[in-house]
>>> print(open('target.cif').read())   # mmCIF, C-alpha atoms
data_entry
#
loop_
_atom_site.label_atom_id
_atom_site.label_comp_id
_atom_site.auth_asym_id
_atom_site.auth_seq_id
_atom_site.Cartn_x
_atom_site.Cartn_y
_atom_site.Cartn_z
CA MET A 1 15.54 23.49 6.39
CA SER A 2 13.81 23.52 3.04
CA GLN A 3 11.16 26.14 2.36
CA PRO A 4 7.78 24.91 1.14
CA ASN A 5 7.02 25.53 -2.49
CA ALA A 6 5.58 29.02 -2.92
CA ILE A 7 3.05 27.80 -5.45
CA THR A 8 1.66 25.11 -3.24
CA ASP A 9 1.85 27.11 0.00
CA ILE A 10 -1.78 27.97 0.67
CA ARG A 11 -0.79 30.27 3.51
CA ARG A 12 0.19 32.98 1.02
CA ASP A 13 -3.22 32.83 -0.65
CA LEU A 14 -4.94 32.97 2.71
CA VAL A 15 -3.06 36.05 3.83
CA ALA A 16 -3.85 37.76 0.52
CA LEU A 17 -7.52 36.87 0.90
CA LEU A 18 -7.74 37.83 4.57
CA PRO A 19 -9.70 41.10 4.11
CA ARG A 20 -12.32 39.36 1.96
CA LEU A 21 -12.51 36.37 4.27
CA ARG A 22 -12.95 38.71 7.18
CA GLY A 23 -15.66 40.60 5.33
CA PHE A 24 -17.63 37.40 4.74
CA ALA A 25 -17.02 36.32 8.33
CA LEU A 26 -18.55 39.58 9.53
CA THR A 27 -21.77 38.72 7.69
CA LEU A 28 -21.91 35.37 9.49
CA ALA A 29 -20.68 36.23 12.97
CA ALA A 30 -22.35 38.33 15.61
CA SER A 31 -19.30 40.47 16.33
CA ALA A 32 -15.88 41.39 15.01
CA PRO A 33 -13.99 39.19 17.54
CA GLU A 34 -16.20 36.27 16.60
CA ALA A 35 -15.55 36.95 12.93
CA ASP A 36 -11.80 36.96 13.54
CA ALA A 37 -12.07 33.69 15.44
CA LEU A 38 -14.06 32.24 12.54
CA VAL A 39 -11.42 33.37 10.04
CA ARG A 40 -8.71 31.80 12.19
CA ASP A 41 -10.56 28.48 12.38
CA VAL A 42 -11.26 28.38 8.66
CA CYS A 43 -7.66 29.23 7.76
CA ALA A 44 -6.40 26.48 10.06
CA LYS A 45 -8.80 24.03 8.43
CA ALA A 46 -7.82 25.16 4.95
CA ILE A 47 -4.13 24.65 5.72
CA GLN A 48 -4.78 21.18 7.10
CA LYS A 49 -6.99 20.27 4.14
CA SER A 50 -4.92 22.07 1.51
CA HIS A 51 -4.33 18.76 -0.29
CA HIS A 52 -8.07 18.67 -1.04
CA TRP A 53 -7.82 21.87 -3.06
CA LYS A 54 -7.15 20.76 -6.62
CA GLY A 55 -6.83 24.24 -8.08
CA GLU A 56 -10.10 24.00 -9.97
CA GLY A 57 -12.37 27.04 -9.81
CA ARG A 58 -11.96 29.92 -7.40
CA ILE A 59 -10.30 29.20 -4.10
CA GLU A 60 -12.62 31.77 -2.55
CA SER A 61 -15.59 29.48 -3.26
CA TRP A 62 -13.94 26.69 -1.32
CA LEU A 63 -12.96 28.97 1.57
CA PHE A 64 -16.33 30.71 1.75
CA SER A 65 -18.13 27.33 1.75
CA MET A 66 -15.90 26.15 4.54
CA MET A 67 -16.51 29.32 6.46
CA ARG A 68 -20.28 29.01 6.14
CA SER A 69 -20.26 25.39 7.36
CA THR A 70 -17.85 26.25 10.19
CA SER A 71 -20.10 29.08 11.26
CA VAL A 72 -23.11 26.75 11.37
CA GLU A 73 -21.15 24.22 13.45
CA THR A 74 -19.96 26.93 15.84
CA ARG A 75 -23.50 28.16 16.34
CA LYS A 76 -24.74 24.65 17.05
CA LYS A 77 -21.99 24.08 19.60
CA ARG A 78 -22.67 27.38 21.27
CA ARG A 79 -26.36 26.61 21.49
CA ALA A 80 -25.62 23.24 23.06
CA GLU A 81 -23.15 24.70 25.56
CA THR A 82 -24.97 27.77 26.74
CA THR A 83 -28.01 27.69 28.95
CA VAL A 84 -28.81 31.29 28.20
CA ASP A 85 -31.70 31.94 25.85
CA VAL A 86 -30.25 32.63 22.42
CA ARG A 87 -33.08 34.98 21.50
CA LYS A 88 -32.16 37.25 24.38
CA SER A 89 -28.40 37.10 23.91
CA ALA A 90 -28.29 37.53 20.12
CA PRO A 91 -29.47 41.16 19.98
CA SER A 92 -26.97 42.19 22.62
CA GLU A 93 -24.16 40.58 20.64
CA HIS A 94 -25.32 42.30 17.50
CA ALA A 95 -25.44 45.52 19.42
CA LEU A 96 -21.74 45.19 20.04
CA ASN A 97 -21.19 45.11 16.35
CA ALA A 98 -21.03 48.68 15.14
CA SER A 99 -21.45 47.71 11.49
CA PRO A 100 -24.77 48.59 9.75
CA LEU A 101 -24.79 44.96 8.63
CA SER A 102 -25.98 43.98 12.08
CA SER A 103 -29.35 45.53 11.28
CA LEU A 104 -29.92 43.14 8.38
CA PRO A 105 -31.83 39.91 8.99
CA ASP A 106 -29.81 36.71 8.96
CA GLY A 107 -28.58 35.66 5.57
CA LEU A 108 -29.13 38.94 3.70
CA ALA A 109 -25.68 40.41 4.30
CA SER A 110 -23.99 37.19 3.17
CA ALA A 111 -26.13 37.07 0.03
CA PHE A 112 -25.34 40.72 -0.79
CA LEU A 113 -21.61 40.24 -0.25
CA LEU A 114 -21.42 37.15 -2.46
CA GLY A 115 -23.75 38.36 -5.21
CA ASP A 116 -22.95 42.04 -5.40
CA VAL A 117 -19.51 42.66 -3.88
CA GLU A 118 -17.74 39.38 -4.75
CA GLY A 119 -19.55 38.98 -8.08
CA PHE A 120 -20.39 35.31 -7.76
CA SER A 121 -23.11 33.99 -10.03
CA TYR A 122 -26.39 33.06 -8.38
CA LYS A 123 -25.57 29.38 -8.80
CA GLU A 124 -22.10 29.69 -7.23
CA ALA A 125 -23.28 31.86 -4.39
CA ALA A 126 -26.23 29.57 -3.69
CA ALA A 127 -23.85 26.62 -3.52
CA ILE A 128 -21.61 28.45 -1.05
CA LEU A 129 -24.55 29.25 1.20
CA GLY A 130 -26.11 25.82 0.80
CA ILE A 131 -29.40 27.14 -0.53
CA SER A 132 -31.24 27.10 -3.86
CA SER A 133 -30.65 29.75 -6.54
CA ASP A 134 -34.21 31.03 -6.15
CA VAL A 135 -33.84 31.55 -2.43
CA PHE A 136 -30.53 33.28 -3.02
CA ALA A 137 -32.07 35.61 -5.62
CA LYS A 138 -34.82 36.49 -3.19
CA ARG A 139 -32.34 37.18 -0.37
CA LEU A 140 -30.15 39.34 -2.58
CA CYS A 141 -33.12 41.40 -3.70
CA ALA A 142 -34.33 41.76 -0.13
CA ALA A 143 -30.87 42.83 0.98
CA ARG A 144 -30.75 45.56 -1.65
CA LEU A 145 -34.15 46.85 -0.63
CA ARG A 146 -33.22 46.85 3.06
CA LEU A 147 -29.95 48.60 2.37
CA ALA A 148 -31.76 51.16 0.24
CA SER A 149 -34.12 51.93 3.10
CA LEU A 150 -31.15 52.00 5.46
CA GLY A 151 -29.51 54.58 3.24
CA MET A 152 -32.68 56.65 3.20
CA ASP A 153 -32.96 56.49 7.03
CA THR A 154 -29.38 57.65 7.34
CA ALA A 155 -29.95 60.48 4.91
CA GLU A 156 -33.11 61.50 6.77
CA ARG A 157 -31.23 61.46 10.08
CA ARG A 158 -28.46 63.59 8.58
CA ALA A 159 -31.04 66.00 7.24
CA MET B 17 -37.96 49.84 7.84
CA PRO B 18 -39.89 47.62 5.41
CA THR B 19 -39.84 44.00 6.33
CA SER B 20 -42.03 42.58 3.60
CA GLN B 21 -40.76 40.08 1.05
CA PRO B 22 -39.64 41.56 -2.29
CA SER B 23 -42.25 41.54 -5.00
CA PRO B 24 -41.83 39.40 -8.15
CA LEU B 25 -41.07 42.54 -10.15
CA GLN B 26 -38.39 43.60 -7.67
CA GLN B 27 -36.85 40.15 -7.84
CA ARG B 28 -36.86 40.26 -11.64
CA LEU B 29 -35.28 43.70 -11.62
CA SER B 30 -32.66 42.56 -9.14
CA ALA B 31 -31.81 39.57 -11.32
CA TYR B 32 -31.79 41.85 -14.37
CA ALA B 33 -29.18 44.03 -12.70
CA ASP B 34 -27.02 40.94 -12.18
CA GLY B 35 -27.53 39.58 -15.69
CA GLU B 36 -29.21 36.47 -14.33
CA ILE B 37 -32.26 36.43 -16.61
CA VAL B 38 -32.87 34.98 -20.04
CA ASP B 39 -32.91 37.15 -23.16
CA GLN B 40 -36.70 37.18 -23.59
CA GLU B 41 -37.28 38.31 -20.01
CA ARG B 42 -34.59 40.95 -20.38
CA HIS B 43 -36.33 42.38 -23.45
CA ASP B 44 -39.63 42.39 -21.57
CA LEU B 45 -38.10 44.16 -18.59
CA GLU B 46 -36.35 46.75 -20.73
CA ALA B 47 -39.66 47.52 -22.41
CA LEU B 48 -41.36 47.74 -19.05
CA LEU B 49 -38.70 50.11 -17.71
CA VAL B 50 -39.23 52.39 -20.68
CA ASN B 51 -42.99 52.50 -20.25
CA ASP B 52 -43.53 52.06 -16.50
CA PRO B 53 -42.19 54.83 -14.20
CA GLN B 54 -42.98 52.72 -11.11
CA ALA B 55 -40.71 49.98 -12.39
CA ARG B 56 -37.96 52.56 -12.90
CA THR B 57 -38.47 53.74 -9.33
CA GLN B 58 -38.04 50.25 -8.02
CA GLN B 59 -34.97 49.77 -10.16
CA ASP B 60 -33.52 52.96 -8.72
CA GLN B 61 -34.29 51.74 -5.25
CA LEU B 62 -32.42 48.52 -5.88
CA LYS B 63 -29.49 50.42 -7.32
CA ARG B 64 -29.41 52.69 -4.33
CA GLY B 65 -29.42 49.70 -2.00
CA ALA B 66 -26.55 48.15 -3.92
CA ASP B 67 -24.57 51.38 -3.66
CA VAL B 68 -25.17 51.64 0.06
CA GLY B 69 -24.15 48.03 0.58
CA ARG B 70 -20.98 48.41 -1.45
CA ARG B 71 -19.98 51.42 0.54
CA ILE B 72 -20.49 49.53 3.77
CA PHE B 73 -18.41 46.62 2.59
CA ASP B 74 -15.77 48.90 1.12
CA ASP B 75 -15.35 50.42 4.54
CA LEU B 76 -15.22 46.98 6.11
CA LEU B 77 -12.63 45.70 3.69
CA LYS B 78 -10.48 48.76 4.24
CA GLU B 79 -10.23 47.98 7.92
CA PRO B 80 -6.76 46.68 8.75
CA VAL B 81 -6.64 42.97 9.38
CA PRO B 82 -5.41 42.18 12.91
CA LEU B 83 -1.68 41.53 12.76
CA GLU B 84 -2.04 38.58 15.11
CA LEU B 85 -4.37 36.90 12.62
CA VAL B 86 -1.83 37.34 9.83
CA ARG B 87 0.96 35.96 12.00
CA THR B 88 -1.14 32.97 13.06
CA ILE B 89 -1.79 32.02 9.45
CA LYS B 90 1.76 32.64 8.26
CA ASN B 91 3.23 30.55 11.06
CA ALA B 92 0.68 27.74 10.89
CA PRO B 93 2.40 24.40 10.31
CA LEU B 94 1.70 22.79 6.99
CA PRO B 95 0.29 19.25 7.12
CA ARG B 96 2.73 16.39 6.76
CA ARG B 97 2.66 14.90 3.36
CA ALA B 98 2.78 11.16 2.81
CA VAL B 99 6.05 10.49 1.03
CA ARG B 100 6.03 7.68 -1.45
CA LEU B 101 9.45 6.15 -1.61
CA PRO B 102 10.71 5.32 -5.09
CA GLN B 103 10.35 1.70 -5.88
CA ALA B 104 10.58 -0.48 -8.88
CA PRO B 105 7.32 -0.71 -10.78
CA ARG B 106 5.50 -3.89 -10.03
CA PRO B 107 4.81 -6.12 -12.96
CA PRO B 108 1.12 -6.13 -13.72
CA LEU B 109 -0.58 -9.20 -12.35
CA SER B 110 -3.06 -9.79 -15.05
CA PHE B 111 -4.38 -13.17 -16.14
CA HIS B 112 -6.12 -12.99 -19.46
CA PRO B 113 -5.77 -16.37 -21.16
CA SER B 114 -6.51 -16.45 -24.83
CA GLY B 115 -8.96 -18.88 -26.38
CA PRO B 116 -6.34 -21.47 -27.42
CA GLN B 117 -4.71 -21.26 -23.98
CA THR B 118 -8.04 -21.88 -22.29
CA LEU B 119 -8.71 -24.85 -24.59
CA ALA B 120 -5.25 -26.30 -23.92
CA ALA B 121 -5.72 -25.92 -20.15
CA CYS B 122 -9.09 -27.66 -20.37
CA LEU B 123 -7.59 -30.56 -22.33
CA ILE B 124 -4.71 -30.94 -19.87
CA PHE B 125 -7.05 -31.03 -16.89
CA PHE B 126 -9.33 -33.44 -18.73
CA ALA B 127 -6.38 -35.78 -19.42
CA LEU B 128 -5.20 -35.54 -15.81
CA GLY B 129 -8.66 -36.29 -14.47
CA GLY B 130 -9.09 -39.16 -16.89
CA GLY B 131 -5.71 -40.62 -15.92
CA LEU B 132 -6.46 -40.44 -12.21
CA GLY B 133 -9.86 -41.98 -12.78
CA TYR B 134 -8.30 -44.79 -14.79
CA MET B 135 -5.77 -45.46 -12.01
CA PHE B 136 -8.49 -45.73 -9.38
CA ALA B 137 -10.67 -47.84 -11.68
CA THR B 138 -7.89 -50.35 -12.37
CA ASN B 139 -7.15 -50.73 -8.66
CA PRO B 140 -10.50 -51.55 -7.06
CA ALA B 141 -8.82 -52.91 -3.91
CA GLY B 142 -7.89 -49.33 -3.26
CA GLN B 143 -4.43 -48.17 -2.53
CA THR B 144 -4.07 -45.57 0.11
CA LEU B 145 -2.85 -42.14 -0.81
CA ALA B 146 0.19 -42.79 1.34
CA SER B 147 1.12 -45.81 -0.70
CA LEU B 148 0.53 -43.89 -3.89
CA SER B 149 2.73 -41.06 -2.78
CA ALA B 150 5.46 -43.27 -1.35
CA PRO B 151 8.69 -43.08 -3.31
CA PRO B 152 9.06 -46.07 -5.58
CA ALA B 153 12.78 -46.27 -5.09
CA GLU B 154 14.17 -48.45 -2.31
CA LYS B 155 15.79 -46.74 0.60
CA ARG B 156 19.54 -46.55 0.50
CA ASP B 157 21.21 -49.02 2.80
CA TRP B 158 24.68 -49.45 4.27
CA LEU B 159 25.86 -51.48 1.27
CA ASP B 160 24.79 -48.70 -1.12
CA ASP B 161 26.96 -46.25 0.79
CA VAL B 162 29.89 -48.67 0.60
CA ILE B 163 29.47 -48.99 -3.16
CA ALA B 164 29.14 -45.22 -3.53
CA ASP B 165 32.40 -44.67 -1.65
CA TYR B 166 34.16 -47.29 -3.75
CA ARG B 167 32.87 -45.80 -7.01
CA LEU B 168 33.83 -42.29 -5.97
CA PHE B 169 37.39 -42.92 -4.83
CA GLY B 170 38.18 -45.95 -6.98
CA ARG B 171 37.93 -43.80 -10.09
CA GLN B 172 40.51 -41.27 -8.91
CA PRO B 173 43.85 -42.93 -9.54
CA ARG B 174 45.90 -40.02 -8.21
CA HIS B 175 43.82 -39.34 -5.11
CA MET B 176 42.33 -42.71 -4.41
CA ALA B 177 43.91 -43.27 -0.99
CA GLU B 178 44.62 -40.96 1.87
CA ILE B 179 47.58 -43.00 2.98
CA GLY B 180 49.57 -44.78 0.31
CA PRO B 181 50.82 -48.36 0.31
CA ASP B 182 54.07 -47.33 2.01
CA GLY B 183 52.30 -46.29 5.18
CA LYS B 184 50.91 -49.61 6.25
CA ALA B 185 51.73 -49.06 9.90
CA ASP B 186 49.94 -45.76 9.88
CA ILE B 187 46.97 -47.30 8.13
CA LEU B 188 46.68 -50.06 10.68
CA GLU B 189 46.83 -47.69 13.60
CA TRP B 190 44.55 -45.07 12.01
CA LEU B 191 41.80 -47.38 10.79
CA THR B 192 41.88 -49.62 13.87
CA THR B 193 41.48 -46.60 16.10
CA ASN B 194 38.63 -45.11 14.08
CA THR B 195 36.68 -48.20 13.10
CA GLY B 196 37.31 -50.17 16.28
CA ILE B 197 38.20 -53.24 14.25
CA GLY B 198 41.55 -55.00 14.49
CA PHE B 199 42.76 -56.15 11.08
CA ARG B 200 45.71 -56.90 8.88
CA ILE B 201 46.36 -55.74 5.35
CA PRO B 202 45.97 -58.85 3.21
CA ASP B 203 48.57 -59.61 0.60
CA LEU B 204 46.57 -60.54 -2.47
CA ALA B 205 49.45 -60.81 -4.88
CA GLN B 206 48.40 -64.35 -5.68
CA SER B 207 45.12 -62.98 -7.00
CA GLY B 208 47.03 -60.46 -9.13
CA LEU B 209 46.25 -57.52 -6.81
CA THR B 210 48.66 -54.94 -5.42
CA PHE B 211 47.85 -52.92 -2.34
CA ALA B 212 47.31 -49.23 -3.31
CA GLY B 213 46.54 -47.56 0.02
CA ALA B 214 43.67 -46.93 2.40
CA ARG B 215 41.03 -44.34 3.25
CA LEU B 216 38.56 -43.72 6.04
CA VAL B 217 35.01 -42.99 4.88
CA THR B 218 31.52 -43.24 6.32
CA ALA B 219 28.56 -45.47 5.57
CA GLN B 220 25.20 -44.71 7.14
CA GLY B 221 26.99 -42.23 9.35
CA HIS B 222 29.49 -44.72 10.76
CA PRO B 223 33.23 -45.01 10.04
CA LEU B 224 34.26 -47.43 7.37
CA GLY B 225 37.77 -48.55 6.44
CA LEU B 226 38.59 -48.97 2.75
CA LEU B 227 41.66 -50.86 1.51
CA PHE B 228 42.33 -50.36 -2.20
CA TYR B 229 44.04 -52.84 -4.53
CA LYS B 230 45.00 -52.46 -8.15
CA ARG B 231 45.42 -55.18 -10.72
CA SER B 232 49.06 -56.14 -11.06
CA ASP B 233 48.72 -56.67 -14.82
CA GLY B 234 48.16 -52.94 -15.38
CA ASP B 235 44.41 -53.18 -15.75
CA SER B 236 42.62 -50.12 -14.46
CA ASP B 237 40.28 -52.20 -12.34
CA VAL B 238 40.30 -51.39 -8.65
CA VAL B 239 39.15 -53.77 -5.96
CA ALA B 240 38.46 -52.59 -2.42
CA ILE B 241 37.97 -54.29 0.89
CA ALA B 242 35.61 -52.39 3.18
CA PHE B 243 35.03 -53.11 6.84
CA GLY B 244 33.02 -51.50 9.58
CA SER B 245 31.67 -52.40 12.99
CA SER B 246 28.33 -50.61 12.93
CA SER B 247 26.98 -52.40 9.94
CA PRO B 248 24.19 -54.87 9.29
CA ASP B 249 24.90 -58.54 9.97
CA PHE B 250 24.45 -60.30 6.66
CA GLY B 251 24.71 -63.70 8.30
CA LYS B 252 26.02 -65.88 5.53
CA PRO B 253 28.26 -64.61 2.73
CA MET B 254 26.34 -62.73 0.09
CA GLU B 255 27.09 -61.81 -3.49
CA ASP B 256 25.31 -58.99 -5.23
CA ILE B 257 25.67 -56.60 -8.16
CA ARG B 258 24.49 -53.01 -7.82
CA SER B 259 25.14 -50.13 -10.21
CA ASP B 260 27.60 -52.18 -12.25
CA THR B 261 29.49 -52.93 -9.08
CA ALA B 262 29.88 -56.40 -7.64
CA VAL B 263 29.99 -56.97 -3.93
CA VAL B 264 30.77 -60.00 -1.81
CA SER B 265 30.05 -59.52 1.86
CA TRP B 266 30.35 -61.52 5.02
CA SER B 267 30.08 -60.84 8.70
CA THR B 268 31.83 -61.89 11.85
CA ALA B 269 30.90 -61.29 15.45
CA LEU B 270 32.77 -57.97 15.47
CA ALA B 271 32.51 -56.59 11.96
CA THR B 272 31.11 -56.81 8.49
CA TYR B 273 33.43 -57.06 5.49
CA VAL B 274 32.74 -56.34 1.85
CA VAL B 275 34.91 -56.91 -1.17
CA VAL B 276 33.90 -54.46 -3.88
CA GLY B 277 34.93 -54.53 -7.50
CA PRO B 278 33.68 -54.02 -10.98
CA SER B 279 30.85 -56.27 -12.02
CA SER B 280 33.17 -57.67 -14.69
CA ALA B 281 35.50 -59.14 -12.06
CA ALA B 282 34.80 -62.85 -12.17
CA ASP B 283 37.22 -63.74 -9.38
CA LEU B 284 35.72 -61.50 -6.74
CA ASP B 285 34.46 -64.43 -4.67
CA ASP B 286 37.93 -66.01 -4.72
CA ILE B 287 39.45 -62.70 -3.66
CA ALA B 288 36.91 -62.42 -0.87
CA ALA B 289 37.68 -65.95 0.28
CA LYS B 290 41.40 -65.25 0.43
CA ALA B 291 40.97 -61.87 2.07
CA ALA B 292 38.72 -63.36 4.74
CA GLY B 293 41.51 -65.68 5.71
CA LEU B 294 44.18 -62.96 5.75
CA LEU B 295 42.37 -60.10 7.48
#
>>> encode(input="target.cif", output="structure tokens")
Amino acid sequence: MSQPNAITDIRRDLVALLPRLRGFALTLAASAPEADALVRDVCAKAIQKSHHWKGEGRIESWLFSMMRSTSVETRKKRRAETTVDVRKSAPSEHALNASPLSSLPDGLASAFLLGDVEGFSYKEAAAILGISSDVFAKRLCAARLRLASLGMDTAERRA
Amino acid sequence: MPTSQPSPLQQRLSAYADGEIVDQERHDLEALLVNDPQARTQQDQLKRGADVGRRIFDDLLKEPVPLELVRTIKNAPLPRRAVRLPQAPRPPLSFHPSGPQTLAACLIFFALGGGLGYMFATNPAGQTLASLSAPPAEKRDWLDDVIADYRLFGRQPRHMAEIGPDGKADILEWLTTNTGIGFRIPDLAQSGLTFAGARLVTAQGHPLGLLFYKRSDGDSDVVAIAFGSSSPDFGKPMEDIRSDTAVVSWSTALATYVVVGPSSAADLDDIAAKAAGLL
């Protein structure tokens, strides 16, 4: 049985990028298991659509965009399926997530990860999130301010 | 925890930290940071937030990825690729006539149209398309087949007959059986002809007996007597010349006979008259 070409085998890239994909998934999902499920779905999609990836630009941009759109679809499906009020269930799901990210309003953690941790330009990051550059800049700034206050709260609690 | 939107200055400072502002604005902000302690405080706040966030994400990224997730991705089947089988390159189907070619085509079609128009104009009674498309040549008849057989075999001196002149008994039995016509082999020595053998052929899909004679004086002319039962009734004796071949035919109640020879044979009618009495 012939082995697939290592260069064209996207599965290697995906495994190498797994921690970063998981990190971005955690900013989109309500809990770690949901984030893992999101990563699994996106990787499966990426493998099936690997012929669409032409090798131009960063593969992370393509994967992160796919993850963001998959997350939106998943949320829509969940809203359609469940009869439970989302407003009531969302905080409890976030409560399961032990990460401090859960305390950030929607969209801020993703903006911080893309702009500050991953080092995407405002234009690239805005394209991944499907928003304008101005909105992204505002979210990134807000995320930094919220994280700064979070750090101060933690320090005060420690003191 | 503050929930208000970031101020314009905070946004500018945040963008400044990321290098996302133009040169002029950067100079303005740098000057402001030198002179305005409140701006420096806000910048510090943003820096602190960035540090906190990086630490959080560093911790997240250090978390081991679930092994099951890695296995799922590694073992995921790759999509099937459409394989294009090698094939000879198709010749390009392009039609780009040049100016002279276009002109020539126009002239040809003009001449064709003019010719057709002339034909219809000179025939006002109107011929049907069927009559126009009908082949001008006459349909081949039984006599044409007889002449064709004669011309084919009469020009092959070594293979003219299937049974030679020595096998007269065989010829009589063979041709009588196959043509259904009782006959005798005429002796035409008085006309200067020597019997050269016989052959069974077909005319219009029916069996035809051919008796070949050669000139006794050594001339290469060949004369043949053909007879068949399923042949048209010519009624009275008929003489004709087709394709440089002369024919004299007559019919009886049971068969039709034809004497075939070169159109140069002036005595063919005499031969036919004698053969009719001897057959």
>>> resolve_selection(input="target.cif", expression="the PyMOL selection byres ((chain B and resi 197-206) around 9)", output="list in words")
Lys184, Ile187, Leu188, Leu191, Thr192, Thr193, Asn194, Thr195, Gly196, Ser207, Gly208, Leu209, Thr210, Phe211, Leu227, Tyr229, Ser232, Phe243, Gly244, Ser245, Leu270, Ala271, Ile287, Lys290, Ala291, Ala292, Gly293, Leu294 and Leu295 of chain B
>>> closest_atom_pairs(input="target.cif", of="chain B", to="chain A", cutoff="7 Å", atoms="all atoms listed in the file", output="Markdown table")
| residue | atom | partner | partner_atom | distance |
| --- | --- | --- | --- | --- |
| B:Met17 | CA | A:Ser149 | CA | 6.4 |
| B:Gln21 | CA | A:Ala142 | CA | 6.7 |
| B:Pro22 | CA | A:Ala142 | CA | 5.7 |
| B:Gln26 | CA | A:Cys141 | CA | 7.0 |
| B:Gln27 | CA | A:Cys141 | CA | 5.7 |
| B:Ser30 | CA | A:Cys141 | CA | 5.6 |
| B:Ala31 | CA | A:Ala137 | CA | 6.9 |
| B:Gln61 | CA | A:Ala148 | CA | 6.1 |
| B:Leu62 | CA | A:Arg144 | CA | 5.4 |
| B:Arg64 | CA | A:Ala148 | CA | 5.4 |
| B:Gly65 | CA | A:Ala148 | CA | 3.6 |
| B:Ala66 | CA | A:Arg144 | CA | 5.4 |
| B:Val68 | CA | A:Leu147 | CA | 6.1 |
| B:Gly69 | CA | A:Leu147 | CA | 6.1 |
| B:Arg70 | CA | A:Val117 | CA | 6.4 |
| B:Leu76 | CA | A:Gly23 | CA | 6.4 |
| B:Leu77 | CA | A:Pro19 | CA | 5.5 |
| B:Val81 | CA | A:Pro19 | CA | 6.4 |
| B:Leu85 | CA | A:Arg40 | CA | 6.7 |
| B:Val86 | CA | A:Val15 | CA | 6.3 |
| B:Ile89 | CA | A:Arg11 | CA | 6.3 |
| B:Lys90 | CA | A:Arg11 | CA | 5.9 |
| B:Leu94 | CA | A:Ile47 | CA | 6.2 |
| B:Pro95 | CA | A:Gln48 | CA | 5.4 |
>>> resolve_selection(input="target.cif", expression="the PyMOL selection byres ((chain B and resi 42-57) around 10)", output="list in words")
Leu25, Gln26, Arg28, Leu29, Ala31, Tyr32, Ala33, Gly35, Glu36, Ile37, Val38, Asp39, Gln40, Glu41, Gln58, Gln59, Asp60, Gln61, Leu62 and Lys63 of chain B
>>> atom_distance(input="target.cif", atom1="atom CA of Trp266 of chain B", atom2="atom CA of Lys252 of chain B")
6.2 Å
>>> atom_distance(input="target.cif", atom1="atom CA of Met67 of chain A", atom2="atom CA of Val42 of chain A")
5.8 Å
>>> closest_residue(input="target.cif", among="B:Val238, B:Ala212, B:Ala120, B:Ala288", to="Ala177 of chain B", atoms="only C-alpha atoms")
B:Ala212
>>> atom_distance(input="target.cif", atom1="atom CA of Leu216 of chain B", atom2="atom CA of Leu284 of chain B")
22.1 Å
>>> residues_around(input="target.cif", residues="Glu73 of chain A", least_positions_apart="5", cutoff="12 Å", atoms="all atoms listed in the file", output="PyMOL selection string")
chain A and resi 28+38+41-42+66-68+78-80
>>> closest_residue(input="target.cif", among="B:Ala282, B:Gly213, B:Asp186, B:Asp34", to="Arg174 of chain B", atoms="only C-alpha atoms")
B:Gly213
>>> decode(input="target.cif", residues="segment 11-35 of chain A", atoms="C-alpha atoms", output="PDB file, in the first residue's frame")
ATOM      1  CA  ARG A  11      -2.747  15.446   8.649  1.00  0.00           C
ATOM      2  CA  ARG A  12       0.857  16.114   9.694  1.00  0.00           C
ATOM      3  CA  ASP A  13       0.273  19.871   9.674  1.00  0.00           C
ATOM      4  CA  LEU A  14      -2.910  19.444  11.659  1.00  0.00           C
ATOM      5  CA  VAL A  15      -1.257  17.381  14.359  1.00  0.00           C
ATOM      6  CA  ALA A  16       1.551  19.944  14.618  1.00  0.00           C
ATOM      7  CA  LEU A  17      -0.988  22.750  14.901  1.00  0.00           C
ATOM      8  CA  LEU A  18      -3.244  20.938  17.365  1.00  0.00           C
ATOM      9  CA  PRO A  19      -2.288  22.957  20.491  1.00  0.00           C
ATOM     10  CA  ARG A  20      -2.907  26.254  18.691  1.00  0.00           C
ATOM     11  CA  LEU A  21      -6.126  25.011  17.130  1.00  0.00           C
ATOM     12  CA  ARG A  22      -7.267  23.862  20.525  1.00  0.00           C
ATOM     13  CA  GLY A  23      -6.369  27.221  22.040  1.00  0.00           C
ATOM     14  CA  PHE A  24      -8.501  29.058  19.482  1.00  0.00           C
ATOM     15  CA  ALA A  25     -11.300  26.519  19.930  1.00  0.00           C
ATOM     16  CA  LEU A  26     -11.311  27.255  23.654  1.00  0.00           C
ATOM     17  CA  THR A  27     -12.026  30.923  22.899  1.00  0.00           C
ATOM     18  CA  LEU A  28     -15.028  29.911  20.792  1.00  0.00           C
ATOM     19  CA  ALA A  29     -16.483  26.993  22.737  1.00  0.00           C
ATOM     20  CA  ALA A  30     -18.163  27.000  26.102  1.00  0.00           C
ATOM     21  CA  SER A  31     -16.105  24.153  27.530  1.00  0.00           C
ATOM     22  CA  ALA A  32     -13.005  22.072  26.932  1.00  0.00           C
ATOM     23  CA  PRO A  33     -14.949  19.010  25.643  1.00  0.00           C
ATOM     24  CA  GLU A  34     -16.820  21.262  23.232  1.00  0.00           C
ATOM     25  CA  ALA A  35     -13.538  22.771  22.092  1.00  0.00           C
TER      26      ALA A  35
END
